[in-house]
Amino acid sequence: MTSSSRNMDETASLRRKVEICTTLGIQHAWNIAKPDVHWCGELRANVTITAEQIFFYQSLKRMPIPDGPQYKRYLLSEQQQDGSWSIAPHHPGDVSTSAEAYLALKILGLHPSTPEMRKARGFIRGAGGVAKVRVFTRIFFAQFGLFPWDSVPQLPAEFIYMPSACPMNIYRLSSWARSTLVPLLIIRHHQHIYALPNGLSQSNDYLDELWLDPARKMVPYYPPLLGGGGRDPFSLLFAGIDLALYWLGGLKKFPLRRSALQRCVSWILKRQEAEGDWAGIIPPMLAGIQALLLEGYNLTDDVICRGIEAIERFSCQDEVGKRLQSSVSPGWDTVLMARALCDAGVDLHDHRIQHAVHWIKSRQSVGPEGDWRVYNPRLAPGGFSFEYNNKWYPDIDDTGAAILALVSQNPESIDSSVISRAAIWICGLQNRDGGWGAFDMDNDKLWFNKIPFSDMDSLCDPSTPDVTGRILEAFGLMLESSKAPQIDKEVFRKISRACDAATSYLAATQHSTGAWYGRWGVNYIYGTSNVLCGLQYFARGKERVQDMTWLKKVQNPDGGWGELPDSYKDASLAGCGPSTASQTAWGLMGVLTTCAPHDASVIAGVSNLVATQNDMQGTGATWPESRYTGTGFPNFFYIGYSLYPHYFPLMALGRFLNASGSARSVKDLGADCA
């Protein structure tokens, strides 16, 4: 028997197992759906988000801090054996993360003499102490007198006045940086010192045990201007500007300072959602409230009360303790779960999937809000957001995923107003290089990352292959739909032109190995899978990757795929890591775009997912995953999407069944799984 015949026999025997797996997976998906049929899994991150909430409550003098014991239990549960806290599970300890966790625990009443605090202190001091923490940690500590404000970069409030036509203005920053920076302009102006449990002091000794030399806290945040070999011109320029601002007192006595602060306040107030949220993420929510309080607002004011309530809605609490999510992901989770259910063979007329589609459609942003309008004033709205409440910052990736979910459920809907608006909006935000970023158009001034304030390389939002691949997949599915000829001619023309530019961008960004970078998922497995899923619809794109074998080369011996965040620092580690459910699904979906279902790589990947599914004892089945495979900021902030190891494997197995011609409606399989 030839290897090809053997593989085909293995495929046939595997189908039945996959059919049962997908049925159990679908059952679990329905069981975890919200009552109105949408999904929102916990978005896990590192402990800094929760620690910063503790700092926030301390600044509000909320004593004792609400649910303090539950916060303490969570923080301690995340401590590693060496006493540190890391930016992701199974990752080395990080000095900034550990220092923030230590301060939060001390505020919550954990004595420095406890074994946990002694081990933490040993790690932090061994890593260089508080002097080695990042700029954001310096800002939090400066608010309590633990770091001199002069050791924090200058942030003049007059920056708010820079016109949008200027190369340097707030709208040239990424949306997440912009929404955080504006309240920080106010915070940096006031340089307010809040009290700690030991009292209030501009030079508080509360954390002196973490300093190697407590007498020398004026630690510079950039190398010396002179004698710093290897410094690029932008770094030198911004360091020089920062030094000049320091000698000018941060422009605090500048005649426009008071009006600049008022402009910042107005900017913040305008962008608060009716429900109290800002930008759908925690940093601008915490900073926004502090900034408004510094500018004279009171805790009883409606804007403050709504903001605090919004922050509390991001909290989770269970047997592990209480923690704060950096964001919430109902929009993202729902469009991806809906797509997975459609791929897995649910009855497309099932009232539950129709309710999910209705929920998705109701979330489209069609109002006057949106910072994206600054450089696109004539573009009609049509985007979808990641979170529950975020009309100001719909994102391109979510919008592409929404199109995929809606068209998968009903191919006849491609000429609907919802999908047409979404497609036109996406086309209007395509970058000059042919790709797409996450939120804005041509937000690619990477020299911004040389500003001393940016020590996380996250001030820009340029094109990325993973987002571009998703959009190409969405447009490809639209054009392939049975009703494609009925798409409005203008919409068709815009989509076709956008796809031509996107395939050129992807050809230019493919690595010599054959892989593509993944900005929002770890890492090259994610990027490569997204790109291949998009290029499969376009003949020219297929020709460019027909010999692409990278995914097969990095497949693990157990049939799965895995990659560690280390690949962001060292590209030679691309595709290297223990198999995870979500990354195996990404790898499998990528391979399925170019390989037959009886291909050995496909069979191995499917077998891995079948073997690793966990029965949930009467409520269906899902897949375990302890590693974080989502990316916030490469090298600095990673995300564990709790539903990634469910809808991505379900999606991949469904596509295998479709490719092997054995997909059946789930209602035909229920009796087989009883």
# chains A, B, ... in the order shown; residues from 1 in each chain; ligands from 1
$ residues_around --residues "A:Ile396" --least-positions-apart "2" --cutoff "7 Å" --atoms "only C-alpha atoms" --output "list of chain:residue names"
A:Gly383, A:Pro394, A:Asp398, A:Thr399, A:Gly400, A:Ile426, A:Ala438, A:Phe439
$ closest_residue --among "A:Tyr206, A:Trp278, A:Trp436, A:Phe475" --to "A:His111" --atoms "only C-alpha atoms"
A:Tyr206
$ residues_around --residues "A:Asp371" --least-positions-apart "5" --cutoff "9 Å" --atoms "only C-alpha atoms" --output "list of chain:residue names"
A:Tyr171, A:Ser175, A:Trp392, A:Tyr393, A:Asp440
$ residues_around --residues "A:Leu341" --least-positions-apart "3" --cutoff "8 Å" --atoms "only C-alpha atoms" --output "ChimeraX atom specification"
/A:26,337-338,344-346,647,650-651
$ closest_atom_pairs --of "stretch 132-211 of chain A" --to "stretch 59-70 of chain A" --cutoff "9 Å" --atoms "only C-alpha atoms" --output "tab-separated table"
residue	atom	partner	partner_atom	distance
A:Gln143	CA	A:Ser59	CA	8.4
A:Phe144	CA	A:Ser59	CA	8.4
A:Ile193	CA	A:Ser59	CA	8.8
A:Tyr194	CA	A:Ser59	CA	5.6
A:Ala195	CA	A:Ser59	CA	7.2
A:Leu196	CA	A:Ser59	CA	8.4
$ residues_around --residues "A:Ile304" --least-positions-apart "3" --cutoff "9 Å" --atoms "only C-alpha atoms" --output "PyMOL selection string"
chain A and resi 276+289+292-293+297-301+307-309
$ write_last_selection --atoms "N, CA and C atoms" --output "CSV table (one decimal), in the first residue's frame"
chain,number,residue,atom,x,y,z
A,276,GLY,N,-19.5,54.8,30.6
A,276,GLY,CA,-18.4,55.1,31.5
A,276,GLY,C,-17.0,54.7,31.0
A,289,ILE,N,-9.7,58.9,35.0
A,289,ILE,CA,-10.4,59.3,36.3
A,289,ILE,C,-9.4,60.1,37.1
A,292,LEU,N,-9.1,63.7,35.7
A,292,LEU,CA,-10.3,64.5,36.0
A,292,LEU,C,-10.3,65.0,37.4
A,293,LEU,N,-10.0,64.1,38.3
A,293,LEU,CA,-10.0,64.4,39.8
A,293,LEU,C,-9.0,65.5,40.1
A,297,TYR,N,-12.6,67.7,39.5
A,297,TYR,CA,-13.9,66.8,39.6
A,297,TYR,C,-13.9,66.1,40.9
A,298,ASN,N,-15.1,65.7,41.3
A,298,ASN,CA,-15.3,65.0,42.6
A,298,ASN,C,-15.7,63.6,42.4
A,299,LEU,N,-15.5,62.8,43.4
A,299,LEU,CA,-15.8,61.4,43.3
A,299,LEU,C,-17.3,61.2,43.2
A,300,THR,N,-18.1,62.2,43.5
A,300,THR,CA,-19.6,62.0,43.4
A,300,THR,C,-20.1,62.5,42.0
A,301,ASP,N,-19.2,63.1,41.2
A,301,ASP,CA,-19.6,63.5,39.9
A,301,ASP,C,-20.0,62.3,39.0
A,307,GLY,N,-17.2,56.1,35.4
A,307,GLY,CA,-15.9,55.5,35.1
A,307,GLY,C,-15.5,54.4,36.0
A,308,ILE,N,-15.7,54.7,37.3
A,308,ILE,CA,-15.4,53.6,38.3
A,308,ILE,C,-16.2,52.4,38.1
A,309,GLU,N,-17.5,52.6,37.9
A,309,GLU,CA,-18.4,51.4,37.6
A,309,GLU,C,-17.9,50.6,36.4
$ residues_around --residues "A:Cys533" --least-positions-apart "5" --cutoff "8 Å" --atoms "only C-alpha atoms" --output "list in words"
Gly469, Arg470, Glu473, Met589, Gly590 and Thr593 of chain A
$ write_last_selection --atoms "C-alpha atoms" --output "compact mmCIF listing (two decimals), in the first residue's frame"
# COMPACT_ATOMS: atom_id res chain seq x y z
CA GLY A 469 -4.51 38.27 5.81
CA ARG A 470 -7.79 38.38 7.73
CA GLU A 473 -9.91 36.31 3.63
CA MET A 589 -5.97 25.85 8.99
CA GLY A 590 -2.93 27.21 7.20
CA THR A 593 -5.33 25.93 2.35
$ residues_around --residues "A:Ser420" --least-positions-apart "3" --cutoff "9 Å" --atoms "only C-alpha atoms" --output "number ranges by chain"
A: 382, 414-417, 423-425, 487-488, 491
$ closest_residue --among "A:Leu210, A:Arg172, A:Asp558, A:Leu146" --to "A:Gly129" --atoms "only C-alpha atoms"
A:Leu210
$ atom_distance --atom1 "atom CA of A:Ser626" --atom2 "atom CA of A:Leu609"
15.4 Å
$ atom_distance --atom1 "atom CA of A:Ile403" --atom2 "atom CA of A:Gly437"
17.1 Å
$ select_by_dssp --residues "stretch 103-246 of chain A" --states "helix (DSSP H, G or I)" --output "number ranges by chain"
A: 103-107, 115-126, 130-132, 135-142, 149-151, 157-161, 170-172, 175-190, 208-210, 233-246
$ atom_distance --atom1 "atom CA of A:Asp500" --atom2 "atom CA of A:Gln430"
11.7 Å
$ closest_residue --among "A:Trp561, A:Trp550, A:Phe159, A:Tyr57" --to "A:Leu261" --atoms "only C-alpha atoms"
A:Phe159
$ decode --residues "stretch 58-84 of chain A" --atoms "N, CA, C and O atoms" --output "short mmCIF file (atom, residue, chain, number, x, y, z; two decimals), in the first residue's frame"
data_model
loop_
_atom_site.label_atom_id
_atom_site.label_comp_id
_atom_site.auth_asym_id
_atom_site.auth_seq_id
_atom_site.Cartn_x
_atom_site.Cartn_y
_atom_site.Cartn_z
N GLN A 58 -5.89 53.06 46.09
CA GLN A 58 -5.10 53.74 47.13
C GLN A 58 -5.11 55.24 46.90
O GLN A 58 -5.22 56.03 47.85
N SER A 59 -5.03 55.66 45.64
CA SER A 59 -5.04 57.10 45.35
C SER A 59 -6.39 57.72 45.67
O SER A 59 -6.48 58.92 45.96
N LEU A 60 -7.45 56.90 45.62
CA LEU A 60 -8.79 57.41 45.95
C LEU A 60 -9.08 57.36 47.44
O LEU A 60 -10.15 57.76 47.89
N LYS A 61 -8.12 56.85 48.22
CA LYS A 61 -8.25 56.69 49.68
C LYS A 61 -9.40 55.75 50.03
O LYS A 61 -10.12 55.95 51.02
N ARG A 62 -9.58 54.73 49.18
CA ARG A 62 -10.58 53.71 49.48
C ARG A 62 -9.97 52.71 50.45
O ARG A 62 -9.37 51.72 50.06
N MET A 63 -10.11 52.97 51.71
CA MET A 63 -9.47 52.15 52.73
C MET A 63 -10.54 51.57 53.65
O MET A 63 -11.37 52.31 54.19
N PRO A 64 -10.53 50.25 53.90
CA PRO A 64 -9.65 49.30 53.21
C PRO A 64 -10.09 49.12 51.76
O PRO A 64 -11.24 49.38 51.40
N ILE A 65 -9.15 48.67 50.95
CA ILE A 65 -9.45 48.47 49.54
C ILE A 65 -10.51 47.38 49.39
O ILE A 65 -10.39 46.31 49.99
N PRO A 66 -11.57 47.65 48.62
CA PRO A 66 -12.64 46.66 48.47
C PRO A 66 -12.10 45.31 47.97
O PRO A 66 -11.28 45.27 47.05
N ASP A 67 -12.53 44.22 48.62
CA ASP A 67 -12.14 42.86 48.21
C ASP A 67 -10.63 42.66 48.29
O ASP A 67 -10.06 41.88 47.52
N GLY A 68 -9.98 43.33 49.23
CA GLY A 68 -8.53 43.22 49.37
C GLY A 68 -8.03 41.79 49.49
O GLY A 68 -7.08 41.41 48.80
N PRO A 69 -8.62 40.95 50.35
CA PRO A 69 -8.14 39.57 50.46
C PRO A 69 -8.22 38.79 49.15
O PRO A 69 -7.36 37.96 48.86
N GLN A 70 -9.27 39.06 48.37
CA GLN A 70 -9.41 38.35 47.09
C GLN A 70 -8.33 38.79 46.09
O GLN A 70 -7.79 37.98 45.34
N TYR A 71 -8.02 40.09 46.08
CA TYR A 71 -6.94 40.57 45.22
C TYR A 71 -5.61 39.95 45.66
O TYR A 71 -4.79 39.53 44.83
N LYS A 72 -5.40 39.90 46.96
CA LYS A 72 -4.15 39.35 47.49
C LYS A 72 -4.01 37.88 47.08
O LYS A 72 -2.91 37.45 46.67
N ARG A 73 -5.09 37.12 47.18
CA ARG A 73 -5.03 35.71 46.82
C ARG A 73 -4.65 35.53 45.35
O ARG A 73 -3.83 34.68 45.00
N TYR A 74 -5.23 36.36 44.49
CA TYR A 74 -4.90 36.26 43.07
C TYR A 74 -3.44 36.60 42.82
O TYR A 74 -2.73 35.87 42.11
N LEU A 75 -2.96 37.70 43.38
CA LEU A 75 -1.58 38.11 43.14
C LEU A 75 -0.59 37.04 43.59
O LEU A 75 0.38 36.73 42.90
N LEU A 76 -0.84 36.44 44.74
CA LEU A 76 0.05 35.40 45.24
C LEU A 76 -0.02 34.14 44.38
O LEU A 76 0.98 33.42 44.22
N SER A 77 -1.20 33.87 43.80
CA SER A 77 -1.34 32.66 42.97
C SER A 77 -0.51 32.76 41.70
O SER A 77 -0.19 31.73 41.08
N GLU A 78 -0.15 33.98 41.29
CA GLU A 78 0.62 34.18 40.07
C GLU A 78 2.12 34.27 40.31
O GLU A 78 2.90 34.38 39.36
N GLN A 79 2.54 34.23 41.58
CA GLN A 79 3.97 34.32 41.87
C GLN A 79 4.68 33.04 41.46
O GLN A 79 4.17 31.93 41.66
N GLN A 80 5.88 33.18 40.89
CA GLN A 80 6.65 32.04 40.42
C GLN A 80 7.58 31.53 41.51
O GLN A 80 7.75 32.17 42.55
N GLN A 81 8.16 30.36 41.27
CA GLN A 81 8.99 29.71 42.28
C GLN A 81 10.17 30.58 42.73
O GLN A 81 10.59 30.52 43.87
N ASP A 82 10.71 31.38 41.80
CA ASP A 82 11.87 32.22 42.16
C ASP A 82 11.46 33.53 42.82
O ASP A 82 12.30 34.40 43.06
N GLY A 83 10.16 33.68 43.11
CA GLY A 83 9.68 34.88 43.79
C GLY A 83 9.20 35.96 42.85
O GLY A 83 8.68 36.98 43.30
N SER A 84 9.36 35.76 41.56
CA SER A 84 9.03 36.79 40.58
C SER A 84 7.59 36.66 40.08
O SER A 84 6.88 35.69 40.36
#
